[in-house]
Amino acid sequence: MSAVPSMKLPRWVELGMLPVINLAAALVVSGLVVRWIGESPWAALKLMTDGAFGSQEAIGYTLYYATNFIFTGLAVAVAYHAGLFNIGAEGQAYIGGLGTGLVGLWLGHWPFWAVLPAAVAAGAVFGAAWAFIPAWLQARRGSHIVITTIMFNFIASALMTYLVVNVLIKPGQQSPETREFAAGASMPGMHAMLGKIGVPFTATPLNLAFFLALGLAALVWVFLWRTRWGYAVRVAGLNPAAAVYAGISPARVTVGAMLLSGALAGLLGLNELMGSQHRILLDFPGGAGFVGIAVALMGRNHPLGILAAAVLFGALAQGGSQLSFDMPRVNRDMVVVIQGLVILFCGALENVFRKPLEAVFNFGSRLAARGKTDR
Amino acid sequence: MNLPDSAAPPALELRGIDKRFGTVHANRGVSLSIARGTIHGLIGENGAGKSTLMNIVYGFQPADSGEIRVQGIPRVFGSPQDAIAAGIGMVHQHFMLVENFTVLENIVLGVEGRRLIAPGLARARSALAALARDYGLEVPLDALVSTLPVGLQQRVEILKALYRGAEILILDEPTAVLVPQEVEQLFRMLGRLAGQGKTVILVTHKLKEIMAVTSRVTVMRQGAVVAEVATRETTPRDLAEKMVGRAVLLRVEKTPATAGAELLAVRDLEVVDAFGVARVKGVSFSLHAGEIVGVAGVAGNGQSELLEALAGIRVPRRGEIRVAAAGGSPAGSDPRARRRLGLAHVPEDRLRMGVVAAFSAEHNAILGYHTLPEYNRGVLLDGDAVRGACERKMAGYDVRPANPRLPVSAFSGGNQQKLVMAREIESDPRVLLVGQPTRGVDIGAIEFIHRQLVGLRDAGKAVLLVSVELDEIIGLSDRILVMAGGEIIGELSPQEATEEKLGLMMAGVREMAEGGSRNPEGR
Amino acid sequence: MESYTIIVLLLAATLRVATPLVLAALAGLFSERSGVIALGIEGMMLGAAFAAAAVSATSGSAWLGLGAGVAVATALALLIAFACVTHRGNQVVAAMAVNIMVAGLGPALALAWFNLGGQTPQLDGAGQRFGAVLWPWAQAAREAPFPGLLYAELLSGHNLIVYLAVALVPFSAWVLYRTRFGLRLRAVGENPHAVDTAGISVTRLRYEAVLISGVLCGVAGTYLSTAASAGFVRDMTAGKGYLALAAMIFGKWKPWPTFGACLLFAFTDALATRLQGVTLPLEGVVPVQLILALPYVLTVLLLAGFVGQAVAPAAIGVPYSKEK
């Protein structure tokens, strides 16, 4: 897969300019769709920008959504470096959230500092477990991991519906959700944390999980580029035959990378359940697993790029819900369209703009070379 | 034999063909003229521009400028279809066959006739019977191509071209996969084709073949034609110097071997492929300190599988591999364990297996050794140590450009190979397994690599050399094992190993082996 | 007699459930035989389902709906071919991009045009849906003894698309194995270099294959929204494209075995639907979620290769470039 920058372009073009051009193309096409629906793309863009960044509350929500996307974006990226396309982050986040949620339900009366490690461990283990079967089938039986992870999304959805509706539901209530977690299972909000150091901040769902996500991004970077295990993952992803030659088992990398990927996705519940909902309810990942694909591709599978792309998609999610208030003909499905277009332009069509750029830069360097020889 | 008619236009004439790929100038104003009914040689080093030129002639890539004339008529080829229509046929080095199709289906592909294939297949069947009669080109038409030996697959390629009405036949490195006897057969057939008025262009890097079969030869270097001569007016040494641009050493200088203790022992080894077919059958031999043992054989006769089994990449179904360092106990079965025992491995296909093309040189220089303590500091890789080690290897092996951060894909084949050799030899192995050490490597680097291998031997290490280049095997080896059909057919000393003898053994003829020792351990 | 009726009705239901799977699996087969991964059939189907329902609802003609469905799916196929064949993009990524984009675009446009929360209006007018085709004397045969019900329910009484899907299986086999196009298609998925050096355009062949898969997905999607149900709802393909792909892999990329695998899927589905609400001994009532998850579990089991490893076309997923 194309995780490697081609060396024909300067780094700043490859990692900076190209993604921006691809994003711009995706936004232009989205604008055309908005236009087609009969609304003004400019007005929509302004509403979204204001909705996403216009106030403390807006920024809080944007970063809160971004936190989810950092988890899933990192999950997709780790698998991608191992040469695996993990479409199952949605299901892994769902099942991982179950783990976190059960800790919240059962251990919520513990103090927060004791609940947090348990919740992290449960989310990671549940998420990893859900990724394990597709990974194992890919490694041992060659079953197409794209299809099996998609199937596991559907199965996770059915399983969670069964569990929430039939088992975990708060007794004597109609809506499919559990009782509320006890206080110990509540992530400190950003407003509370900032308040302690004397910085006023509007109350939003933005919480400690945001910093956990940032820390994980750094850890993923160290893992992939600064450890022998990350080295092994990247060798196996880029050239499985060379991995075998080097004594790296591609099957073990497949399973290992998917476990890590599932664990990362599984931590989404920390933000979504412990940070905001304080209960388990249906479909709480809300498509974050699929957003993670777009985030990883746009961020070129690099943690820094993923952070930037996650904030962008957080802004789209927050701005998009604001938009649907003010422009009832445009709803949050538009955000899904934009996701698809970003994946299209940043992933599948990345060569469309690369070739002209390469031509420009090659022409430039040839001119420079000719200038030198003339002198 | 038809004498070239001086009044007739040349079968193929190129005028000022020029082609660039980005900054690489692949063809520089190439002009050449080939008479009808002759066999014309095209010779040059890797990267000299032969393949590009032939791809242009076959319509596979357009030239930037220049003119192609076929039988005197200027032609512009937008696709192979145009070239085929002009009577040009090509037999590629890597066969262009659909493996799970029959011979007949492969031959009609692209010239099926109408929308349904049945009539086209019937027509081809009778036409091929005629071709078989005229040129002695028999093939089982209904066999799946994947079941045919390479010699027959090549024949299918030639038939494909003839069935399309080729008057000019281009063969790109056609002998790489053949035993010497098959090569002779091929050359006889080419002679017959030329005798009947077809024009043959033989693209090769083997001087001997040029001398044996062509009437004229064109030498290319760095994209340009540097000489065009009648073959009988030149010598191999002269051609080699023209190819390289300076005097070259055609033979490796080395002293007689002083073999020491046994370092690697292989007993009754059997290796199967992914489909359960035995590729190595009951192979036994031993390898001693201070000797180079060559494994000769036609590609695909089990040498690759043998090498990979020794390196721990394939798990043998049966048999034993003992490395002396481990006190003679059976070696651990994965590549990492083998490396720990002092077994280093330069794989046959470096781009497929030996390097990660997208990685920088420094990261390729630790491939397989990335878990060693010297490259790690706690849980982290030690970036300074990795870079320093790569810089030392690049300096010691003259890898250019000497920039550890450059991706390996940016290096030439020779420099990639030198980096791989450096990585494996500098790991200070007791035993070095080497596959095709000079494939796709220019002559300058070949000399260097050969000297390294001999140097390693002289330092008391053992080298197992697998190569399809007989010259390389004869020139470097102290003993030669010949493989055919997955078995070791026999053993020869380099003194008794003539091309004819090796060729017969590589074709699986055992009688020849009686002269040599059937006892694999005898020296 | 009772069980006979149940079996006939079950088989008839199997055929109806199988129809979109068969069409999509054949779509996948043409695409993958040419060497292009066919994960995009999910999105092409969904796009067609929306377009067909929207056009049928506004025009009142199921046939115009079919035209729109095929047009939209073909356009999406063209986009995939443009990304994967012309620009050598990652085939899996391109397909997922189309699938996700369409999943948003359908409801977004439906909301804007019909204001029904992301659905299209109910199709209940005359001619808005593909109705059943009754064979001669079907009504009379229903009352007749043994083969009568079989004739009336299993053979007669389906809509045109069901018959089309069944007929397309032998037709596809014939195209694949008896025609020049089929020969070249099979070749390009195995060794595109052989095809290119034979003077045939790899690009053109792959475009043709992907466009054929688009047309078939168009019909499949139209079936979902204008024949199997009465209108478009969000995510109405529910992974059927992926199920079809699994069936195709299980069928080793061959038309008849693929058809068999689709029938197997559909039969399981039809059976499960019948079991809904039925009380089983020991187990009690089967949870509805289990029944809903059954096709997905079955897909995973089939892909896990309980019948041995299937061999995909050799060149699948690899963008073609002239350099080796």
# chains A, B, ... in the order shown; residues from 1 in each chain; ligands from 1

call {"tool": "closest_atom_pairs", "arguments": {"of": "chain B", "to": "chain A", "cutoff": "6 Å", "atoms": "only C-alpha atoms", "output": "tab-separated table"}}
result
residue	atom	partner	partner_atom	distance
B:Pro335	CA	A:Gly247	CA	4.7
B:Arg336	CA	A:Gly247	CA	4.7
B:Met353	CA	A:Ala242	CA	4.1
B:Gly354	CA	A:Ala242	CA	5.8
B:Leu367	CA	A:Ala246	CA	5.9
B:Gly368	CA	A:Ala246	CA	3.8
B:Leu380	CA	A:Thr227	CA	4.6
B:Leu381	CA	A:Thr227	CA	5.0

call {"tool": "closest_atom_pairs", "arguments": {"of": "chain B", "to": "chain C", "cutoff": "7 Å", "atoms": "only C-alpha atoms", "output": "tab-separated table"}}
result
residue	atom	partner	partner_atom	distance
B:Ser79	CA	C:Gly199	CA	6.5
B:Pro80	CA	C:Gly199	CA	4.7
B:Gln81	CA	C:Gly199	CA	4.1
B:Met96	CA	C:Ala194	CA	4.2
B:Leu97	CA	C:Ala194	CA	5.4
B:Val98	CA	C:Asn191	CA	5.7
B:Leu109	CA	C:Ala198	CA	6.8
B:Gly110	CA	C:Ala198	CA	5.5
B:Glu112	CA	C:Arg180	CA	6.4
B:Arg115	CA	C:Arg180	CA	5.2
B:Leu116	CA	C:Thr179	CA	4.3
B:Ile117	CA	C:Thr179	CA	5.3

call {"tool": "residues_around", "arguments": {"residues": "Leu287 (chain B)", "least_positions_apart": "3", "cutoff": "6 Å", "atoms": "only C-alpha atoms", "output": "PyMOL selection string"}}
result
chain B and resi 262-264

call {"tool": "write_last_selection", "arguments": {"atoms": "N, CA and C atoms", "output": "PDB file, in the first residue's frame"}}
result
ATOM      1  N   GLU B 262      34.274 -28.999   8.606  1.00  0.00           N
ATOM      2  CA  GLU B 262      32.916 -28.961   8.073  1.00  0.00           C
ATOM      3  C   GLU B 262      32.090 -27.940   8.864  1.00  0.00           C
ATOM      4  N   LEU B 263      31.457 -27.003   8.132  1.00  0.00           N
ATOM      5  CA  LEU B 263      30.670 -25.971   8.814  1.00  0.00           C
ATOM      6  C   LEU B 263      29.171 -26.171   8.635  1.00  0.00           C
ATOM      7  N   LEU B 264      28.794 -26.794   7.534  1.00  0.00           N
ATOM      8  CA  LEU B 264      27.368 -27.002   7.268  1.00  0.00           C
ATOM      9  C   LEU B 264      27.194 -28.398   6.702  1.00  0.00           C
TER      10      LEU B 264
END

call {"tool": "closest_atom_pairs", "arguments": {"of": "chain A", "to": "chain C", "cutoff": "8 Å", "atoms": "only C-alpha atoms", "output": "Markdown table"}}
result
| residue | atom | partner | partner_atom | distance |
| --- | --- | --- | --- | --- |
| A:Met1 | CA | C:Asn90 | CA | 7.2 |
| A:Ser2 | CA | C:Asn90 | CA | 7.8 |
| A:Ile37 | CA | C:Ala112 | CA | 6.0 |
| A:Leu137 | CA | C:Ala304 | CA | 6.2 |
| A:Arg141 | CA | C:Ala304 | CA | 6.0 |
| A:Gly142 | CA | C:Ala304 | CA | 7.6 |
| A:Ser143 | CA | C:Leu303 | CA | 5.3 |
| A:His144 | CA | C:Leu303 | CA | 7.3 |
| A:Ile147 | CA | C:Tyr242 | CA | 6.4 |
| A:Thr148 | CA | C:Val300 | CA | 5.8 |
| A:Met151 | CA | C:Tyr296 | CA | 5.3 |
| A:Phe152 | CA | C:Tyr296 | CA | 7.6 |
| A:Phe154 | CA | C:Ala293 | CA | 6.9 |
| A:Ile155 | CA | C:Ala293 | CA | 5.5 |
| A:Ala158 | CA | C:Gln289 | CA | 5.1 |
| A:Leu159 | CA | C:Gln289 | CA | 6.9 |
| A:Thr161 | CA | C:Gln289 | CA | 7.2 |
| A:Tyr162 | CA | C:Gln289 | CA | 6.0 |
| A:Phe290 | CA | C:Ile100 | CA | 8.0 |
| A:Arg329 | CA | C:Ala112 | CA | 4.9 |
| A:Val330 | CA | C:Ala108 | CA | 6.8 |
| A:Asn331 | CA | C:Ala108 | CA | 6.5 |
| A:Arg332 | CA | C:Ala108 | CA | 7.9 |
| A:Asp333 | CA | C:Gly104 | CA | 4.6 |
| A:Met334 | CA | C:Ala108 | CA | 5.9 |
| A:Val335 | CA | C:Gly104 | CA | 7.4 |
| A:Val336 | CA | C:Gly104 | CA | 4.8 |
| A:Val337 | CA | C:Met101 | CA | 4.4 |
| A:Ile338 | CA | C:Met101 | CA | 7.1 |
| A:Gln339 | CA | C:Met101 | CA | 6.8 |
| A:Gly340 | CA | C:Met101 | CA | 4.0 |
| A:Leu341 | CA | C:Met101 | CA | 6.3 |
| A:Val342 | CA | C:Ala97 | CA | 7.9 |
| A:Ile343 | CA | C:Ala97 | CA | 5.2 |
| A:Leu344 | CA | C:Ala97 | CA | 5.0 |
| A:Gly347 | CA | C:Val93 | CA | 6.1 |
| A:Ala348 | CA | C:Gly89 | CA | 4.6 |
| A:Leu349 | CA | C:Ala83 | CA | 5.4 |
| A:Glu350 | CA | C:Gly89 | CA | 7.1 |
| A:Asn351 | CA | C:His87 | CA | 6.0 |
| A:Val352 | CA | C:His87 | CA | 6.4 |

call {"tool": "write_last_selection", "arguments": {"atoms": "N, CA and C atoms", "output": "compact mmCIF listing (two decimals), in the first residue's frame"}}
result
# COMPACT_ATOMS: atom_id res chain seq x y z
N MET A 1 0.83 -1.19 0.00
CA MET A 1 0.00 0.00 0.00
C MET A 1 0.88 1.25 0.00
N SER A 2 0.24 2.37 -0.22
CA SER A 2 1.04 3.54 -0.56
C SER A 2 1.32 4.41 0.66
N ILE A 37 -28.33 20.54 -4.00
CA ILE A 37 -29.46 20.42 -3.10
C ILE A 37 -30.24 21.73 -3.06
N LEU A 137 -7.90 -15.13 11.13
CA LEU A 137 -8.36 -15.76 9.88
C LEU A 137 -7.52 -15.29 8.70
N ARG A 141 -5.77 -18.42 7.49
CA ARG A 141 -6.59 -18.97 6.42
C ARG A 141 -6.62 -18.08 5.19
N GLY A 142 -5.99 -16.93 5.25
CA GLY A 142 -6.01 -16.03 4.10
C GLY A 142 -7.37 -15.42 3.80
N SER A 143 -8.26 -15.39 4.82
CA SER A 143 -9.58 -14.80 4.58
C SER A 143 -9.45 -13.29 4.48
N HIS A 144 -10.05 -12.73 3.45
CA HIS A 144 -9.90 -11.32 3.14
C HIS A 144 -10.31 -10.45 4.33
N ILE A 147 -13.27 -7.89 4.12
CA ILE A 147 -14.63 -8.42 4.22
C ILE A 147 -14.92 -8.90 5.65
N THR A 148 -13.96 -9.61 6.26
CA THR A 148 -14.28 -10.15 7.59
C THR A 148 -14.46 -9.02 8.60
N MET A 151 -17.87 -7.67 8.18
CA MET A 151 -18.85 -8.59 8.76
C MET A 151 -18.87 -8.46 10.28
N PHE A 152 -17.68 -8.28 10.87
CA PHE A 152 -17.63 -8.15 12.32
C PHE A 152 -18.24 -6.83 12.80
N PHE A 154 -21.05 -5.69 11.47
CA PHE A 154 -22.48 -6.06 11.51
C PHE A 154 -22.76 -6.94 12.72
N ILE A 155 -21.85 -7.89 12.94
CA ILE A 155 -22.08 -8.82 14.04
C ILE A 155 -22.01 -8.07 15.38
N ALA A 158 -25.27 -6.34 15.94
CA ALA A 158 -26.34 -7.24 16.38
C ALA A 158 -26.12 -7.66 17.84
N LEU A 159 -24.89 -7.97 18.17
CA LEU A 159 -24.57 -8.41 19.53
C LEU A 159 -24.88 -7.33 20.56
N THR A 161 -26.88 -4.77 20.23
CA THR A 161 -28.32 -4.53 20.33
C THR A 161 -28.94 -5.57 21.26
N TYR A 162 -28.53 -6.82 21.08
CA TYR A 162 -29.06 -7.88 21.93
C TYR A 162 -28.71 -7.60 23.39
N PHE A 290 -15.46 4.60 10.68
CA PHE A 290 -15.30 4.89 9.25
C PHE A 290 -14.60 6.23 9.06
N ARG A 329 -32.31 21.50 5.13
CA ARG A 329 -32.20 20.63 3.95
C ARG A 329 -30.84 19.93 3.89
N VAL A 330 -29.88 20.38 4.70
CA VAL A 330 -28.58 19.74 4.74
C VAL A 330 -28.44 19.06 6.10
N ASN A 331 -28.26 17.76 6.13
CA ASN A 331 -28.15 17.12 7.45
C ASN A 331 -26.79 16.48 7.61
N ARG A 332 -26.62 15.71 8.65
CA ARG A 332 -25.30 15.18 8.96
C ARG A 332 -24.84 14.13 7.94
N ASP A 333 -25.75 13.65 7.13
CA ASP A 333 -25.31 12.73 6.06
C ASP A 333 -24.33 13.42 5.13
N MET A 334 -24.47 14.74 5.03
CA MET A 334 -23.53 15.49 4.19
C MET A 334 -22.10 15.26 4.66
N VAL A 335 -21.93 15.14 5.99
CA VAL A 335 -20.58 14.92 6.54
C VAL A 335 -20.04 13.57 6.08
N VAL A 336 -20.94 12.58 6.02
CA VAL A 336 -20.52 11.26 5.52
C VAL A 336 -20.07 11.38 4.06
N VAL A 337 -20.80 12.18 3.30
CA VAL A 337 -20.42 12.38 1.89
C VAL A 337 -19.01 12.97 1.83
N ILE A 338 -18.77 13.97 2.68
CA ILE A 338 -17.45 14.60 2.67
C ILE A 338 -16.37 13.59 3.05
N GLN A 339 -16.66 12.75 4.04
CA GLN A 339 -15.72 11.68 4.41
C GLN A 339 -15.37 10.84 3.19
N GLY A 340 -16.42 10.38 2.51
CA GLY A 340 -16.20 9.53 1.33
C GLY A 340 -15.34 10.24 0.30
N LEU A 341 -15.64 11.54 0.10
CA LEU A 341 -14.87 12.28 -0.90
C LEU A 341 -13.42 12.47 -0.46
N VAL A 342 -13.21 12.67 0.85
CA VAL A 342 -11.84 12.82 1.33
C VAL A 342 -11.08 11.52 1.12
N ILE A 343 -11.72 10.38 1.42
CA ILE A 343 -11.05 9.09 1.19
C ILE A 343 -10.74 8.93 -0.29
N LEU A 344 -11.70 9.34 -1.11
CA LEU A 344 -11.52 9.22 -2.56
C LEU A 344 -10.32 10.04 -3.03
N GLY A 347 -7.00 9.14 -0.88
CA GLY A 347 -6.56 7.75 -1.00
C GLY A 347 -6.50 7.29 -2.44
N ALA A 348 -7.68 7.12 -3.04
CA ALA A 348 -7.74 6.47 -4.34
C ALA A 348 -7.24 7.36 -5.47
N LEU A 349 -7.49 8.65 -5.36
CA LEU A 349 -7.14 9.53 -6.48
C LEU A 349 -5.87 10.34 -6.18
N GLU A 350 -5.05 9.86 -5.24
CA GLU A 350 -3.90 10.67 -4.84
C GLU A 350 -2.95 10.94 -5.99
N ASN A 351 -2.94 10.03 -6.99
CA ASN A 351 -2.02 10.23 -8.11
C ASN A 351 -2.49 11.31 -9.08
N VAL A 352 -3.79 11.66 -8.99
CA VAL A 352 -4.32 12.60 -9.97
C VAL A 352 -3.61 13.94 -9.87

call {"tool": "atom_distance", "arguments": {"atom1": "CA of Gly69 (chain C)", "atom2": "CA of Phe232 (chain C)"}}
result
11.8 Å

call {"tool": "residues_around", "arguments": {"residues": "Asn376 (chain B)", "least_positions_apart": "6", "cutoff": "9 Å", "atoms": "only C-alpha atoms", "output": "VMD selection string"}}
result
(chain A and resid 227 to 228) or (chain B and resid 370 382 to 383 385 to 386)

call {"tool": "write_last_selection", "arguments": {"atoms": "C-alpha atoms", "output": "PDB file, in the first residue's frame"}}
result
ATOM      1  CA  THR A 227      11.328   0.522  17.949  1.00  0.00           C
ATOM      2  CA  ARG A 228      12.349  -2.786  16.433  1.00  0.00           C
TER       3      ARG A 228
ATOM      4  CA  HIS B 370      17.334  -5.185  13.624  1.00  0.00           C
ATOM      5  CA  ASP B 382      19.564   3.368  18.339  1.00  0.00           C
ATOM      6  CA  GLY B 383      19.431   5.790  15.409  1.00  0.00           C
ATOM      7  CA  ALA B 385      24.321   3.265  15.778  1.00  0.00           C
ATOM      8  CA  VAL B 386      22.160   2.350  12.785  1.00  0.00           C
TER       9      VAL B 386
END

call {"tool": "select_by_dssp", "arguments": {"residues": "region 332-417 of chain B", "states": "helix (DSSP H, G or I)", "output": "MDAnalysis selection string"}}
result
chainID B and resid 335:340 350:354 361:364 373:375 383:396 408:410 413:417

call {"tool": "write_last_selection", "arguments": {"atoms": "C-alpha atoms", "output": "mmCIF file, in the first residue's frame"}}
result
data_model
loop_
_atom_site.group_PDB
_atom_site.id
_atom_site.type_symbol
_atom_site.label_atom_id
_atom_site.label_comp_id
_atom_site.auth_asym_id
_atom_site.auth_seq_id
_atom_site.Cartn_x
_atom_site.Cartn_y
_atom_site.Cartn_z
ATOM 1 C CA PRO B 335 15.787 -17.261 9.577
ATOM 2 C CA ARG B 336 16.566 -15.459 12.793
ATOM 3 C CA ALA B 337 17.854 -18.610 14.472
ATOM 4 C CA ARG B 338 19.996 -19.400 11.417
ATOM 5 C CA ARG B 339 21.509 -15.938 11.471
ATOM 6 C CA ARG B 340 22.367 -16.377 15.121
ATOM 7 C CA ARG B 350 17.113 -8.794 -3.956
ATOM 8 C CA LEU B 351 14.134 -6.543 -4.782
ATOM 9 C CA ARG B 352 11.631 -9.239 -3.921
ATOM 10 C CA MET B 353 13.290 -10.368 -0.738
ATOM 11 C CA GLY B 354 16.621 -8.738 0.046
ATOM 12 C CA ALA B 361 19.675 2.524 2.937
ATOM 13 C CA GLU B 362 20.399 2.632 6.676
ATOM 14 C CA HIS B 363 17.186 0.798 7.497
ATOM 15 C CA ASN B 364 17.892 -1.776 4.816
ATOM 16 C CA PRO B 373 21.687 -5.328 20.878
ATOM 17 C CA GLU B 374 24.146 -3.139 18.972
ATOM 18 C CA TYR B 375 21.265 -1.463 17.133
ATOM 19 C CA GLY B 383 19.431 5.790 15.409
ATOM 20 C CA ASP B 384 23.085 6.853 15.677
ATOM 21 C CA ALA B 385 24.321 3.265 15.778
ATOM 22 C CA VAL B 386 22.160 2.350 12.785
ATOM 23 C CA ARG B 387 23.443 5.281 10.751
ATOM 24 C CA GLY B 388 27.054 4.794 11.769
ATOM 25 C CA ALA B 389 26.983 1.131 10.808
ATOM 26 C CA CYS B 390 25.482 1.960 7.438
ATOM 27 C CA GLU B 391 28.055 4.669 6.762
ATOM 28 C CA ARG B 392 30.854 2.214 7.488
ATOM 29 C CA LYS B 393 29.346 -0.395 5.163
ATOM 30 C CA MET B 394 28.834 2.121 2.389
ATOM 31 C CA ALA B 395 32.434 3.248 2.658
ATOM 32 C CA GLY B 396 33.842 -0.282 2.805
ATOM 33 C CA VAL B 408 17.173 1.971 -1.686
ATOM 34 C CA SER B 409 14.995 2.342 -4.784
ATOM 35 C CA ALA B 410 17.149 5.338 -5.724
ATOM 36 C CA GLY B 413 21.133 -2.526 -9.113
ATOM 37 C CA GLY B 414 24.857 -2.902 -8.547
ATOM 38 C CA ASN B 415 24.880 -0.553 -5.580
ATOM 39 C CA GLN B 416 21.815 -2.215 -4.060
ATOM 40 C CA GLN B 417 23.570 -5.539 -4.344
#

call {"tool": "decode", "arguments": {"residues": "region 108-161 of chain C", "atoms": "C-alpha atoms", "output": "JSON list (two decimals), in the first residue's frame"}}
result
[["chain", "number", "residue", "atom", "x", "y", "z"],
["C", 108, "ALA", "CA", -28.68, 13.50, 2.04],
["C", 109, "LEU", "CA", -30.33, 13.88, -1.37],
["C", 110, "ALA", "CA", -33.46, 12.06, -0.23],
["C", 111, "LEU", "CA", -33.86, 14.51, 2.64],
["C", 112, "ALA", "CA", -33.39, 17.49, 0.40],
["C", 113, "TRP", "CA", -35.74, 16.26, -2.32],
["C", 114, "PHE", "CA", -38.48, 14.45, -0.43],
["C", 115, "ASN", "CA", -38.10, 15.71, 3.14],
["C", 116, "LEU", "CA", -38.95, 12.30, 4.59],
["C", 117, "GLY", "CA", -35.95, 11.93, 6.90],
["C", 118, "GLY", "CA", -33.62, 10.39, 4.35],
["C", 119, "GLN", "CA", -36.07, 8.00, 2.69],
["C", 120, "THR", "CA", -37.84, 8.12, -0.63],
["C", 121, "PRO", "CA", -41.64, 8.14, -0.75],
["C", 122, "GLN", "CA", -43.45, 4.82, -0.50],
["C", 123, "LEU", "CA", -43.78, 3.29, -3.95],
["C", 124, "ASP", "CA", -47.35, 2.12, -4.16],
["C", 125, "GLY", "CA", -48.66, 3.65, -7.37],
["C", 126, "ALA", "CA", -49.31, 1.54, -10.44],
["C", 127, "GLY", "CA", -46.16, 0.83, -12.39],
["C", 128, "GLN", "CA", -43.82, 2.22, -9.72],
["C", 129, "ARG", "CA", -42.58, -1.24, -8.80],
["C", 130, "PHE", "CA", -41.66, -4.37, -10.69],
["C", 131, "GLY", "CA", -44.60, -6.66, -10.10],
["C", 132, "ALA", "CA", -44.94, -10.40, -10.30],
["C", 133, "VAL", "CA", -45.08, -12.07, -13.69],
["C", 134, "LEU", "CA", -47.76, -14.74, -13.56],
["C", 135, "TRP", "CA", -47.16, -17.68, -15.85],
["C", 136, "PRO", "CA", -50.10, -19.15, -17.78],
["C", 137, "TRP", "CA", -52.53, -21.17, -15.65],
["C", 138, "ALA", "CA", -50.58, -20.39, -12.47],
["C", 139, "GLN", "CA", -53.73, -19.59, -10.53],
["C", 140, "ALA", "CA", -55.34, -22.84, -11.62],
["C", 141, "ALA", "CA", -52.21, -24.86, -10.92],
["C", 142, "ARG", "CA", -52.08, -23.66, -7.33],
["C", 143, "GLU", "CA", -55.12, -25.78, -6.60],
["C", 144, "ALA", "CA", -53.84, -28.75, -8.60],
["C", 145, "PRO", "CA", -52.06, -31.73, -6.97],
["C", 146, "PHE", "CA", -48.35, -32.27, -6.47],
["C", 147, "PRO", "CA", -46.42, -30.22, -9.05],
["C", 148, "GLY", "CA", -49.05, -27.51, -9.18],
["C", 149, "LEU", "CA", -47.89, -25.43, -6.23],
["C", 150, "LEU", "CA", -44.31, -25.82, -7.35],
["C", 151, "TYR", "CA", -45.25, -24.32, -10.70],
["C", 152, "ALA", "CA", -47.38, -21.57, -9.24],
["C", 153, "GLU", "CA", -45.02, -20.45, -6.49],
["C", 154, "LEU", "CA", -41.50, -21.42, -7.46],
["C", 155, "LEU", "CA", -41.55, -20.94, -11.24],
["C", 156, "SER", "CA", -44.31, -18.43, -11.71],
["C", 157, "GLY", "CA", -45.04, -15.26, -9.83],
["C", 158, "HIS", "CA", -41.66, -13.57, -9.59],
["C", 159, "ASN", "CA", -40.81, -10.24, -11.08],
["C", 160, "LEU", "CA", -38.79, -9.81, -14.27],
["C", 161, "ILE", "CA", -35.50, -9.09, -12.49]]
